[in-house]
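Dumped input.txt below, it's compact mmCIF, C-alpha atoms:
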```
# COMPACT_ATOMS: atom_id res chain seq x y z
CA MET A 1 -30.13 22.26 16.27
CA SER A 2 -27.18 19.87 16.42
CA VAL A 3 -27.62 16.60 14.53
CA THR A 4 -25.61 13.58 15.60
CA VAL A 5 -25.27 10.04 14.30
CA SER A 6 -25.03 6.86 16.33
CA GLN A 7 -21.88 5.96 18.22
CA ARG A 8 -21.93 2.66 16.36
CA LEU A 9 -21.64 4.34 12.99
CA GLN A 10 -18.99 6.77 14.22
CA ARG A 11 -16.71 3.77 14.77
CA VAL A 12 -16.80 2.97 11.05
CA LYS A 13 -14.49 4.48 8.43
CA PRO A 14 -15.52 5.25 4.84
CA SER A 15 -14.24 2.69 2.33
CA PRO A 16 -10.67 3.76 1.38
CA THR A 17 -10.86 1.98 -1.97
CA MET A 18 -14.02 3.88 -2.89
CA ALA A 19 -12.45 7.12 -1.65
CA MET A 20 -9.31 6.71 -3.76
CA SER A 21 -11.33 5.76 -6.83
CA ALA A 22 -13.56 8.80 -6.31
CA LEU A 23 -10.50 11.05 -6.09
CA ALA A 24 -9.15 9.59 -9.32
CA THR A 25 -12.49 10.28 -11.00
CA GLU A 26 -12.44 13.85 -9.70
CA LEU A 27 -8.94 14.47 -11.06
CA ARG A 28 -9.91 13.03 -14.44
CA ALA A 29 -12.88 15.40 -14.51
CA GLN A 30 -10.35 18.22 -14.10
CA GLY A 31 -8.55 17.00 -17.21
CA ARG A 32 -5.80 15.00 -15.50
CA PRO A 33 -4.98 11.72 -17.33
CA VAL A 34 -5.20 9.59 -14.18
CA ILE A 35 -4.96 5.81 -14.49
CA ASP A 36 -7.21 4.23 -11.87
CA LEU A 37 -5.70 1.05 -10.42
CA ALA A 38 -7.68 1.49 -7.19
CA ALA A 39 -11.04 0.00 -8.11
CA GLY A 40 -11.59 -3.78 -7.98
CA GLU A 41 -13.81 -4.00 -11.04
CA PRO A 42 -13.29 -6.12 -14.19
CA ASP A 43 -12.94 -4.04 -17.36
CA PHE A 44 -14.84 -6.63 -19.41
CA ASP A 45 -18.44 -6.11 -20.47
CA THR A 46 -21.11 -8.43 -19.08
CA PRO A 47 -21.38 -11.38 -21.54
CA GLY A 48 -24.10 -11.07 -24.15
CA HIS A 49 -26.19 -14.09 -23.17
CA ILE A 50 -26.47 -12.70 -19.63
CA LYS A 51 -27.60 -9.28 -20.83
CA ALA A 52 -30.07 -10.97 -23.18
CA ALA A 53 -31.66 -12.81 -20.25
CA ALA A 54 -32.16 -9.51 -18.42
CA ILE A 55 -33.75 -7.92 -21.49
CA GLU A 56 -36.07 -10.90 -21.87
CA ALA A 57 -37.04 -10.62 -18.20
CA ILE A 58 -38.04 -6.99 -18.74
CA ARG A 59 -39.87 -7.82 -21.97
CA THR A 60 -41.94 -10.55 -20.31
CA GLY A 61 -42.84 -8.47 -17.26
CA GLN A 62 -40.58 -10.10 -14.64
CA THR A 63 -40.47 -6.83 -12.72
CA LYS A 64 -42.39 -7.61 -9.52
CA TYR A 65 -41.27 -8.54 -6.03
CA THR A 66 -39.70 -11.96 -5.60
CA PRO A 67 -39.33 -13.91 -2.36
CA VAL A 68 -36.99 -12.08 0.02
CA GLU A 69 -34.30 -14.76 -0.33
CA GLY A 70 -34.43 -14.86 -4.15
CA THR A 71 -36.41 -16.68 -6.81
CA ALA A 72 -36.82 -20.44 -6.56
CA ALA A 73 -35.10 -20.84 -9.95
CA LEU A 74 -32.03 -18.85 -8.96
CA LYS A 75 -31.79 -20.60 -5.60
CA ARG A 76 -31.86 -23.93 -7.42
CA ALA A 77 -29.08 -22.70 -9.72
CA VAL A 78 -27.05 -21.72 -6.66
CA ILE A 79 -27.60 -25.13 -5.08
CA ASP A 80 -26.57 -26.83 -8.33
CA LYS A 81 -23.48 -24.62 -8.58
CA PHE A 82 -22.37 -25.43 -5.03
CA ARG A 83 -22.83 -29.16 -5.69
CA ARG A 84 -21.22 -29.16 -9.14
CA GLU A 85 -18.22 -26.96 -8.45
CA ASN A 86 -17.63 -27.09 -4.70
CA GLU A 87 -18.77 -30.54 -3.51
CA LEU A 88 -21.25 -28.82 -1.16
CA ALA A 89 -24.81 -29.98 -0.59
CA TYR A 90 -27.54 -27.57 0.48
CA GLU A 91 -31.33 -27.60 0.74
CA PRO A 92 -33.42 -24.60 -0.40
CA ASP A 93 -33.74 -23.28 3.16
CA GLN A 94 -29.93 -23.27 3.43
CA VAL A 95 -29.26 -20.81 0.59
CA MET A 96 -30.23 -17.24 -0.16
CA VAL A 97 -29.58 -14.56 -2.74
CA THR A 98 -28.44 -11.09 -1.67
CA SER A 99 -27.81 -7.68 -3.20
CA GLY A 100 -24.15 -8.41 -3.74
CA ALA A 101 -21.73 -10.59 -1.80
CA LYS A 102 -20.98 -7.61 0.44
CA GLN A 103 -24.56 -7.71 1.73
CA ALA A 104 -24.20 -11.43 2.43
CA CYS A 105 -21.04 -10.77 4.47
CA TYR A 106 -22.76 -8.03 6.45
CA ALA A 107 -25.85 -10.16 7.01
CA VAL A 108 -23.93 -13.11 8.41
CA VAL A 109 -21.95 -10.87 10.75
CA THR A 110 -25.20 -9.33 12.01
CA ALA A 111 -26.82 -12.75 12.31
CA VAL A 112 -24.01 -14.29 14.36
CA LEU A 113 -22.31 -11.62 16.47
CA ASP A 114 -23.46 -10.00 19.71
CA PRO A 115 -21.90 -7.05 21.56
CA GLY A 116 -18.60 -8.10 23.10
CA ASP A 117 -18.04 -11.01 20.73
CA GLU A 118 -14.77 -11.27 18.80
CA ALA A 119 -14.26 -12.08 15.14
CA ILE A 120 -10.88 -13.04 13.69
CA VAL A 121 -9.82 -11.27 10.51
CA PRO A 122 -6.54 -12.31 8.84
CA ALA A 123 -4.61 -9.31 7.54
CA PRO A 124 -4.20 -8.21 4.81
CA TYR A 125 -8.00 -8.15 4.71
CA TRP A 126 -10.76 -6.77 2.54
CA VAL A 127 -11.41 -3.31 3.95
CA SER A 128 -15.05 -3.92 4.91
CA TYR A 129 -14.63 -6.91 7.23
CA PRO A 130 -13.48 -5.07 10.40
CA ASP A 131 -16.06 -2.31 10.02
CA MET A 132 -18.89 -4.78 9.47
CA ILE A 133 -17.86 -6.43 12.73
CA LYS A 134 -17.86 -3.06 14.50
CA LEU A 135 -21.35 -2.33 13.18
CA ALA A 136 -22.45 -5.47 15.05
CA ASP A 137 -20.92 -3.98 18.24
CA ALA A 138 -18.35 -6.78 18.21
CA GLU A 139 -14.56 -6.58 18.12
CA PRO A 140 -12.38 -7.45 15.13
CA VAL A 141 -9.22 -9.35 16.09
CA ILE A 142 -6.61 -8.76 13.40
CA VAL A 143 -4.09 -11.54 12.81
CA ALA A 144 -1.17 -10.77 10.53
CA ALA A 145 -0.58 -13.12 7.61
CA MET A 146 2.97 -12.38 6.59
CA LEU A 147 4.46 -12.11 3.10
CA GLU A 148 6.86 -14.92 4.07
CA ASP A 149 3.80 -17.16 4.55
CA GLY A 150 2.31 -16.10 1.22
CA PHE A 151 -0.10 -13.75 3.02
CA LYS A 152 -1.92 -16.77 4.51
CA ILE A 153 -2.72 -17.24 8.18
CA THR A 154 -0.99 -20.20 9.85
CA PRO A 155 -2.69 -22.71 12.18
CA ARG A 156 -0.41 -21.57 15.00
CA ALA A 157 -1.39 -17.91 14.55
CA LEU A 158 -5.07 -18.85 14.36
CA ARG A 159 -4.97 -20.85 17.59
CA ALA A 160 -3.13 -18.04 19.40
CA ALA A 161 -5.83 -15.54 18.41
CA ILE A 162 -8.78 -17.56 19.70
CA THR A 163 -10.28 -16.58 23.06
CA PRO A 164 -13.47 -17.59 24.89
CA ARG A 165 -15.19 -14.66 23.13
CA THR A 166 -14.26 -15.72 19.59
CA ARG A 167 -17.39 -16.33 17.56
CA LEU A 168 -16.43 -15.96 13.91
CA LEU A 169 -13.54 -16.29 11.45
CA PHE A 170 -13.36 -14.64 8.02
CA LEU A 171 -11.47 -16.51 5.29
CA ASN A 172 -11.17 -14.90 1.86
CA SER A 173 -9.59 -17.09 -0.82
CA PRO A 174 -8.52 -15.95 -3.40
CA SER A 175 -7.78 -12.88 -1.36
CA ASN A 176 -8.54 -9.25 -1.86
CA PRO A 177 -6.02 -7.54 -1.64
CA THR A 178 -3.21 -10.08 -2.02
CA GLY A 179 -4.43 -12.74 -4.48
CA ALA A 180 -3.33 -15.46 -2.04
CA VAL A 181 -5.18 -18.79 -2.31
CA TYR A 182 -5.34 -21.48 0.39
CA THR A 183 -4.68 -25.03 -0.76
CA ARG A 184 -6.86 -27.91 0.40
CA ALA A 185 -4.11 -29.01 2.80
CA GLU A 186 -3.79 -25.51 4.26
CA LEU A 187 -7.55 -25.28 4.79
CA GLN A 188 -7.55 -28.69 6.46
CA ALA A 189 -4.79 -27.56 8.82
CA LEU A 190 -6.88 -24.54 9.84
CA GLY A 191 -9.92 -26.79 10.16
CA ALA A 192 -8.05 -29.05 12.57
CA VAL A 193 -7.60 -26.06 14.88
CA LEU A 194 -11.24 -24.99 14.57
CA GLN A 195 -12.43 -28.49 15.47
CA ASP A 196 -11.39 -27.69 19.03
CA PHE A 197 -13.61 -24.58 19.20
CA PRO A 198 -17.21 -25.52 18.37
CA ALA A 199 -18.62 -22.01 18.99
CA ILE A 200 -16.77 -20.47 16.03
CA ILE A 201 -18.58 -19.88 12.73
CA ILE A 202 -16.42 -19.82 9.60
CA VAL A 203 -17.30 -17.33 6.85
CA ALA A 204 -15.69 -18.43 3.59
CA ASP A 205 -15.74 -15.53 1.13
CA ASP A 206 -15.16 -17.21 -2.25
CA ILE A 207 -16.10 -14.26 -4.49
CA TYR A 208 -12.89 -14.59 -6.56
CA GLU A 209 -13.18 -18.37 -6.90
CA HIS A 210 -13.10 -18.46 -10.71
CA ILE A 211 -10.27 -15.96 -11.06
CA TYR A 212 -7.78 -18.65 -10.16
CA TRP A 213 -4.79 -20.27 -11.88
CA GLY A 214 -3.14 -22.33 -9.15
CA ALA A 215 -1.55 -25.72 -9.69
CA GLY A 216 -4.30 -27.76 -8.03
CA PRO A 217 -8.11 -27.56 -8.13
CA TYR A 218 -9.71 -24.67 -6.29
CA THR A 219 -11.08 -25.80 -2.91
CA SER A 220 -13.67 -24.07 -0.76
CA PHE A 221 -13.28 -24.33 3.01
CA ALA A 222 -16.34 -26.49 3.71
CA ALA A 223 -15.28 -28.94 0.98
CA ALA A 224 -11.82 -29.28 2.52
CA CYS A 225 -13.30 -29.61 6.03
CA PRO A 226 -16.63 -31.48 5.73
CA ALA A 227 -16.81 -31.95 9.50
CA LEU A 228 -17.19 -28.16 9.73
CA HIS A 229 -19.83 -27.88 7.01
CA GLU A 230 -22.54 -27.15 9.60
CA ARG A 231 -20.49 -24.26 10.99
CA THR A 232 -19.52 -22.69 7.66
CA VAL A 233 -21.27 -20.00 5.65
CA THR A 234 -19.96 -19.95 2.09
CA ILE A 235 -20.42 -16.66 0.24
CA ASN A 236 -20.05 -16.05 -3.48
CA GLY A 237 -21.61 -14.00 -6.27
CA VAL A 238 -21.61 -13.09 -9.93
CA SER A 239 -19.84 -9.71 -9.76
CA LYS A 240 -16.22 -10.66 -10.40
CA CYS A 241 -16.20 -13.78 -12.57
CA TYR A 242 -19.06 -12.70 -14.88
CA ALA A 243 -18.14 -8.97 -14.97
CA MET A 244 -21.46 -8.13 -13.30
CA THR A 245 -20.37 -5.75 -10.53
CA GLY A 246 -23.24 -3.31 -11.07
CA TRP A 247 -25.90 -6.03 -11.19
CA ARG A 248 -25.47 -6.55 -7.40
CA ILE A 249 -26.13 -10.24 -6.89
CA GLY A 250 -24.42 -12.37 -4.28
CA TYR A 251 -25.45 -15.58 -2.58
CA ALA A 252 -24.74 -17.64 0.49
CA GLY A 253 -25.05 -21.23 1.63
CA GLY A 254 -24.88 -22.34 5.23
CA PRO A 255 -26.67 -23.66 8.32
CA LYS A 256 -30.45 -23.25 8.21
CA ALA A 257 -30.55 -21.19 11.41
CA ILE A 258 -27.97 -18.67 10.19
CA ILE A 259 -29.46 -18.38 6.71
CA GLY A 260 -32.88 -17.90 8.31
CA ALA A 261 -31.54 -15.04 10.44
CA MET A 262 -29.89 -13.46 7.40
CA LYS A 263 -33.18 -13.73 5.52
CA LYS A 264 -34.96 -11.98 8.41
CA LEU A 265 -32.46 -9.10 8.27
CA GLN A 266 -32.83 -8.82 4.50
CA GLY A 267 -36.60 -8.83 4.82
CA GLN A 268 -36.46 -5.82 7.13
CA SER A 269 -33.83 -3.88 5.18
CA THR A 270 -33.57 -4.29 1.41
CA SER A 271 -36.17 -7.00 0.74
CA ASN A 272 -35.50 -9.08 -2.39
CA PRO A 273 -32.52 -8.45 -4.69
CA CYS A 274 -33.23 -6.82 -8.04
CA THR A 275 -35.59 -9.04 -10.04
CA ILE A 276 -33.96 -8.30 -13.40
CA SER A 277 -30.50 -8.99 -11.98
CA GLN A 278 -31.73 -12.33 -10.63
CA ALA A 279 -32.87 -13.35 -14.12
CA ALA A 280 -29.48 -12.37 -15.51
CA SER A 281 -27.66 -14.27 -12.75
CA LEU A 282 -29.67 -17.39 -13.47
CA ALA A 283 -28.39 -17.24 -17.06
CA ALA A 284 -24.86 -16.68 -15.75
CA LEU A 285 -24.84 -19.70 -13.41
CA ASP A 286 -26.68 -22.09 -15.73
CA GLY A 287 -25.22 -20.91 -19.05
CA ASP A 288 -22.02 -21.31 -21.06
CA GLN A 289 -19.00 -20.84 -18.77
CA SER A 290 -16.45 -20.25 -21.53
CA CYS A 291 -16.66 -16.49 -20.89
CA VAL A 292 -15.40 -17.06 -17.35
CA ARG A 293 -12.41 -19.04 -18.59
CA GLU A 294 -11.57 -16.41 -21.20
CA MET A 295 -11.58 -13.61 -18.64
CA CYS A 296 -9.48 -15.68 -16.24
CA ARG A 297 -6.86 -16.24 -18.95
CA ALA A 298 -6.64 -12.49 -19.48
CA PHE A 299 -6.28 -11.85 -15.75
CA ARG A 300 -3.48 -14.37 -15.49
CA GLU A 301 -1.62 -12.73 -18.39
CA ARG A 302 -1.96 -9.37 -16.67
CA HIS A 303 -0.83 -10.87 -13.37
CA ASP A 304 2.31 -12.30 -14.92
CA TYR A 305 3.17 -8.94 -16.47
CA ILE A 306 2.45 -6.65 -13.52
CA VAL A 307 4.14 -8.77 -10.84
CA ALA A 308 7.41 -8.98 -12.79
CA ALA A 309 7.25 -5.30 -13.78
CA LEU A 310 6.62 -4.06 -10.24
CA ASP A 311 9.25 -6.35 -8.73
CA ALA A 312 11.83 -4.79 -11.07
CA ILE A 313 11.20 -1.25 -9.73
CA PRO A 314 13.69 -0.18 -7.02
CA GLY A 315 12.15 -0.25 -3.55
CA LEU A 316 9.30 -2.63 -4.48
CA ARG A 317 8.99 -6.34 -3.77
CA CYS A 318 6.10 -8.16 -5.42
CA ILE A 319 5.39 -11.91 -5.25
CA ARG A 320 3.40 -14.14 -7.59
CA THR A 321 -0.03 -15.27 -6.43
CA ASP A 322 -2.69 -17.66 -7.71
CA GLY A 323 -5.85 -15.62 -8.08
CA ALA A 324 -7.96 -12.44 -7.96
CA PHE A 325 -6.81 -9.38 -9.91
CA TYR A 326 -4.59 -7.50 -7.48
CA ALA A 327 -0.87 -7.02 -7.02
CA PHE A 328 0.22 -6.24 -3.47
CA PRO A 329 3.87 -5.17 -3.45
CA ASN A 330 5.84 -4.40 -0.33
CA VAL A 331 6.97 -0.79 -0.76
CA THR A 332 8.93 -0.13 2.42
CA GLY A 333 12.11 0.35 0.40
CA ALA A 334 10.51 3.04 -1.75
CA ILE A 335 9.01 4.76 1.29
CA ARG A 336 12.41 4.88 2.93
CA SER A 337 14.41 5.94 -0.14
CA HIS A 338 12.03 8.81 -0.92
CA GLY A 339 11.87 10.07 2.67
CA LEU A 340 8.13 9.46 2.98
CA ALA A 341 6.16 8.90 6.16
CA ASP A 342 4.19 5.83 5.14
CA ASP A 343 2.35 3.97 2.40
CA SER A 344 -0.42 6.58 2.32
CA ALA A 345 2.16 9.26 1.51
CA LEU A 346 3.54 7.05 -1.26
CA ALA A 347 0.07 6.49 -2.71
CA GLU A 348 -0.50 10.25 -2.71
CA LEU A 349 2.88 10.82 -4.39
CA LEU A 350 1.98 8.37 -7.15
CA LEU A 351 -1.41 9.99 -7.65
CA ARG A 352 -0.07 13.55 -7.75
CA GLN A 353 3.16 12.97 -9.69
CA ALA A 354 2.63 9.75 -11.67
CA GLU A 355 -1.12 10.23 -12.05
CA VAL A 356 -1.71 6.60 -11.05
CA ALA A 357 -4.32 5.84 -8.38
CA VAL A 358 -3.51 2.95 -6.02
CA VAL A 359 -4.67 2.07 -2.50
CA PRO A 360 -2.29 2.13 0.49
CA GLY A 361 -1.82 -1.22 2.19
CA SER A 362 -2.64 0.27 5.59
CA ALA A 363 -6.28 0.33 4.44
CA PHE A 364 -6.09 -3.48 4.36
CA GLY A 365 -4.30 -3.84 7.69
CA ALA A 366 -0.89 -4.17 6.02
CA PRO A 367 1.16 -0.95 6.28
CA GLY A 368 4.12 -0.73 3.95
CA HIS A 369 2.27 -2.13 0.93
CA LEU A 370 0.19 -0.87 -1.99
CA ARG A 371 -2.71 -2.56 -3.75
CA LEU A 372 -2.87 -2.22 -7.51
CA SER A 373 -5.77 -3.65 -9.48
CA PHE A 374 -4.87 -5.25 -12.80
CA ALA A 375 -8.48 -5.43 -13.95
CA CYS A 376 -7.54 -3.34 -16.99
CA SER A 377 -5.73 -3.85 -20.29
CA ILE A 378 -2.06 -4.74 -20.62
CA ALA A 379 -1.53 -1.46 -22.47
CA THR A 380 -2.95 0.46 -19.50
CA LEU A 381 -0.77 -1.50 -17.09
CA GLU A 382 2.33 -0.82 -19.18
CA GLU A 383 1.64 2.91 -19.12
CA ALA A 384 0.96 2.83 -15.36
CA VAL A 385 4.23 0.97 -14.67
CA ALA A 386 6.16 3.40 -16.86
CA ARG A 387 4.76 6.33 -14.87
CA ILE A 388 5.49 4.68 -11.52
CA ARG A 389 9.03 3.87 -12.64
CA ARG A 390 9.65 7.49 -13.64
CA VAL A 391 8.68 8.64 -10.14
CA LEU A 392 10.29 5.87 -8.09
CA GLY A 393 13.13 4.68 -10.33
```

Kindly return the structure encoded in the file as structure tokens.
Amino acid sequence: MSVTVSQRLQRVKPSPTMAMSALATELRAQGRPVIDLAAGEPDFDTPGHIKAAAIEAIRTGQTKYTPVEGTAALKRAVIDKFRRENELAYEPDQVMVTSGAKQACYAVVTAVLDPGDEAIVPAPYWVSYPDMIKLADAEPVIVAAMLEDGFKITPRALRAAITPRTRLLFLNSPSNPTGAVYTRAELQALGAVLQDFPAIIIVADDIYEHIYWGAGPYTSFAAACPALHERTVTINGVSKCYAMTGWRIGYAGGPKAIIGAMKKLQGQSTSNPCTISQAASLAALDGDQSCVREMCRAFRERHDYIVAALDAIPGLRCIRTDGAFYAFPNVTGAIRSHGLADDSALAELLLRQAEVAVVPGSAFGAPGHLRLSFACSIATLEEAVARIRRVLG
């Protein structure tokens, strides 16, 4: 008997970041001293007061189902966070908690898109956006955001990409994989274009919000463009800024109708997010935020080191950015000078010869680049750069 899977799923590729990280793990299991700069995961431990809240939740029997969209207490903390930090006002039926921000992104795509619809994705993009769109039987429209523009989409490029079928726009700031951050003025310029197209929903993925060191205050899209608040779904979570990747809690705020549809999908798929993780996330959002600032300072120090170090390697060009924990150098010079076919071949060369795992930029819609995570110690980064320099220098 021949077993087949759906045509819809056959359109989707496995996550290249997960694949590269898995290969690095496999090589380490064979005894190879591989440095993994592929995974986007903070190396810090979850802060103690957050872990203590989870332990207390277990001790007091908070282990039952919660409402599908999250506990009332955590939803209130999310509402307070949006108001306090982002100038955004939501009612309880306009927010929900999900099993990670990735689930929130997938849920909003499923809630909004129909077959034949188009969704604009600025490139470089997080690897999952286009495939989520394909799973909704819609079409991703990739718009290049060039290095010369700081890897940020321009209003002109946005307008040129919009068609009568455009239904959604993804904006990720700070960006995975580039670290680029849109200023308030840049968001307002994009908003001015979107004012002319009332059918488009904006999905603002702010998951790296607190890993930010730009000159001005961080601004979320709906705060910069209040006239588009009712067309914006803002997504965030606790994974990156609180070092809680494995706890799997994200959240979203947006129009009641869209949040209601996302809740319906969640109710028929995963049901409520992990109860213990919700208790921990409540402590994270409502508790002492000094841990977030301390981690951000470390990420900025690592950023300053790795960008300068990579930019000094022949064949690499790496620019400073304002957030996240990724460097995204242009490596076309190194590809050419070493007679390689593309960025994937360069990534394989570095894994096999330098024993450093990175992700090719083509996975993010930006051929000729590499993504390196600096969510590890300075000492680890120094060793990784030394290995890369020995192979490429």

query = Quick one: residues within 9 Å of Gly216 in chain A, all atoms listed in the file counted, chain neighbours fewer than 3 positions away excluded, as a PyMOL selection string?
reply = chain A and resi 183-184+213+219

request  = Take CA of Ala223 in chain A and CA of Leu171 in chain A and report the distance between them in Å, one decimal.
outcome  = 13.7 Å

task = Write out as an MDAnalysis selection string which residues come within 6 Å of range 307-322 of chain A when counting all atoms listed in the file, dropping same-chain ones fewer than 6 positions away.
result = chainID A and resid 179:180 212:214 329:331 333:334 393

For a cutoff of 7 Å around the file-coordinate point (-19.7, -23.6, -2.0), which residues qualify once you count all atoms listed in the file? I'd like the result as a compact mmCIF listing (two decimals) with C-alpha atoms, in the coordinates of the input.
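Printed below is result33.txt as written:
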```txt
# COMPACT_ATOMS: atom_id res chain seq x y z
CA PHE A 82 -22.37 -25.43 -5.03
CA ASN A 86 -17.63 -27.09 -4.70
CA LEU A 88 -21.25 -28.82 -1.16
CA SER A 220 -13.67 -24.07 -0.76
CA THR A 234 -19.96 -19.95 2.09
CA GLY A 253 -25.05 -21.23 1.63
```

request  = May I ask which of the residues A:Ala192, A:Leu282, A:Val97, A:Ala204 is the closest one to Ala54 in chain A, counting all atoms listed in the file?
outcome  = A:Leu282

ask   = Within 12 Å of (-34.8, -25.3, 0.4), only C-alpha atoms: residues as a PyMOL selection string?
value = chain A and resi 69-79+89-96+253-256+259-260

ask   = Hey, which of A:Ser277, A:Ala185, A:Glu85, A:Asp206 ends up closest to Ala52 in chain A? Count all atoms listed in the file.
value = A:Ser277

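When all atoms listed in the file are used to compute distances to Lys134 in chain A, the closest of the residues A:Lys13, A:Ser21, A:Thr178, A:Ile258 turns out to be A:Lys13.
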
request  = Just the residues within 8 Å of Gln266 in chain A, please, counting all atoms listed in the file, with nothing from its chain fewer than 6 positions along; format it as a list in words.
outcome  = Val68, Glu69, Thr98, Ala107 and Asn272 of chain A

Residues from the last selection, C-alpha atoms, saved as a short mmCIF file (atom, residue, chain, number, x, y, z; two decimals), in the frame of the given file:
```
data_model
loop_
_atom_site.label_atom_id
_atom_site.label_comp_id
_atom_site.auth_asym_id
_atom_site.auth_seq_id
_atom_site.Cartn_x
_atom_site.Cartn_y
_atom_site.Cartn_z
CA VAL A 68 -36.99 -12.08 0.02
CA GLU A 69 -34.30 -14.76 -0.33
CA THR A 98 -28.44 -11.09 -1.67
CA ALA A 107 -25.85 -10.16 7.01
CA ASN A 272 -35.50 -9.08 -2.39
#
```

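Take the candidates A:Cys291, A:Ala375, A:Leu392, A:Leu346 and check each one against Gly361 in chain A using all atoms listed in the file; the shortest distance goes to A:Leu346.
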
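Here CA of Ser269 in chain A stands at a distance of 28.6 Å from CA of Asp286 in chain A.
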
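Reported to one decimal place, the separation of CA of Glu56 in chain A from CA of Ile276 in chain A is 9.1 Å.
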
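Nearest residue to Leu350 in chain A among A:Leu370, A:Val391, A:Ala101, A:Val109 is A:Val391, counting all atoms listed in the file.
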
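Counting all atoms listed in the file and comparing A:Gly40, A:Gly246, A:Pro155, A:Pro47, the residue that lies closest to Ser373 in chain A is A:Gly40.
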
Each side padded by 6 Å, which centre and which edge lengths in Å (one decimal) define the axis-aligned box around the listed atoms of range 217-222 of chain A? Give them as lines of an AutoDock Vina configuration file.
```
center_x = -12.2
center_y = -25.8
center_z = -2.2
size_x = 20.2
size_y = 15.5
size_z = 23.8
```

request  = Find the spatial neighbours of Ile133 in chain A, counting only C-alpha atoms, within a cut-off of 12 Å - ignore same-chain residues fewer than 6 positions away - and output them as an MDAnalysis selection string.
outcome  = chainID A and resid 8:9 11:12 105:121 127 139:142 167:170

inquiry  = Need to verify the contact set: Phe325 in chain A, 12 Å, only C-alpha atoms, exclusion of same-chain residues closer than 4 positions in sequence. Can you return it as a PyMOL selection string?
reply    = chain A and resi 37-43+174-180+207-213+240-241+295-307+320-321+371-377

Since the input is missing atoms, can you rebuild N, CA, C and O atoms for range 299-310 of chain A and write them as a PDB file, in the frame of the given file?
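The result, stored in result20.pdb:
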```pdb
ATOM      1  N   PHE A 299      -6.763 -12.289 -17.057  1.00  0.00           N
ATOM      2  CA  PHE A 299      -6.280 -11.850 -15.750  1.00  0.00           C
ATOM      3  C   PHE A 299      -4.936 -12.481 -15.419  1.00  0.00           C
ATOM      4  O   PHE A 299      -4.055 -11.826 -14.864  1.00  0.00           O
ATOM      5  N   ARG A 300      -4.762 -13.744 -15.774  1.00  0.00           N
ATOM      6  CA  ARG A 300      -3.480 -14.370 -15.490  1.00  0.00           C
ATOM      7  C   ARG A 300      -2.358 -13.720 -16.305  1.00  0.00           C
ATOM      8  O   ARG A 300      -1.252 -13.495 -15.790  1.00  0.00           O
ATOM      9  N   GLU A 301      -2.623 -13.410 -17.569  1.00  0.00           N
ATOM     10  CA  GLU A 301      -1.620 -12.730 -18.390  1.00  0.00           C
ATOM     11  C   GLU A 301      -1.236 -11.395 -17.765  1.00  0.00           C
ATOM     12  O   GLU A 301      -0.046 -11.033 -17.696  1.00  0.00           O
ATOM     13  N   ARG A 302      -2.234 -10.661 -17.299  1.00  0.00           N
ATOM     14  CA  ARG A 302      -1.960  -9.370 -16.670  1.00  0.00           C
ATOM     15  C   ARG A 302      -1.180  -9.552 -15.368  1.00  0.00           C
ATOM     16  O   ARG A 302      -0.270  -8.762 -15.060  1.00  0.00           O
ATOM     17  N   HIS A 303      -1.556 -10.564 -14.600  1.00  0.00           N
ATOM     18  CA  HIS A 303      -0.830 -10.870 -13.370  1.00  0.00           C
ATOM     19  C   HIS A 303       0.640 -11.113 -13.651  1.00  0.00           C
ATOM     20  O   HIS A 303       1.529 -10.548 -12.991  1.00  0.00           O
ATOM     21  N   ASP A 304       0.923 -11.967 -14.630  1.00  0.00           N
ATOM     22  CA  ASP A 304       2.310 -12.300 -14.920  1.00  0.00           C
ATOM     23  C   ASP A 304       3.106 -11.071 -15.321  1.00  0.00           C
ATOM     24  O   ASP A 304       4.285 -10.926 -14.948  1.00  0.00           O
ATOM     25  N   TYR A 305       2.466 -10.167 -16.061  1.00  0.00           N
ATOM     26  CA  TYR A 305       3.170  -8.940 -16.470  1.00  0.00           C
ATOM     27  C   TYR A 305       3.409  -8.021 -15.275  1.00  0.00           C
ATOM     28  O   TYR A 305       4.536  -7.591 -15.011  1.00  0.00           O
ATOM     29  N   ILE A 306       2.352  -7.690 -14.526  1.00  0.00           N
ATOM     30  CA  ILE A 306       2.450  -6.650 -13.520  1.00  0.00           C
ATOM     31  C   ILE A 306       3.333  -7.064 -12.350  1.00  0.00           C
ATOM     32  O   ILE A 306       4.095  -6.251 -11.800  1.00  0.00           O
ATOM     33  N   VAL A 307       3.296  -8.327 -11.957  1.00  0.00           N
ATOM     34  CA  VAL A 307       4.140  -8.770 -10.840  1.00  0.00           C
ATOM     35  C   VAL A 307       5.610  -8.621 -11.192  1.00  0.00           C
ATOM     36  O   VAL A 307       6.407  -8.076 -10.422  1.00  0.00           O
ATOM     37  N   ALA A 308       6.003  -9.099 -12.382  1.00  0.00           N
ATOM     38  CA  ALA A 308       7.410  -8.980 -12.790  1.00  0.00           C
ATOM     39  C   ALA A 308       7.816  -7.523 -12.962  1.00  0.00           C
ATOM     40  O   ALA A 308       8.912  -7.117 -12.563  1.00  0.00           O
ATOM     41  N   ALA A 309       6.914  -6.709 -13.531  1.00  0.00           N
ATOM     42  CA  ALA A 309       7.250  -5.300 -13.780  1.00  0.00           C
ATOM     43  C   ALA A 309       7.408  -4.530 -12.469  1.00  0.00           C
ATOM     44  O   ALA A 309       8.339  -3.714 -12.323  1.00  0.00           O
ATOM     45  N   LEU A 310       6.522  -4.753 -11.519  1.00  0.00           N
ATOM     46  CA  LEU A 310       6.620  -4.060 -10.240  1.00  0.00           C
ATOM     47  C   LEU A 310       7.844  -4.517  -9.454  1.00  0.00           C
ATOM     48  O   LEU A 310       8.537  -3.710  -8.818  1.00  0.00           O
TER      49      LEU A 310
END
```
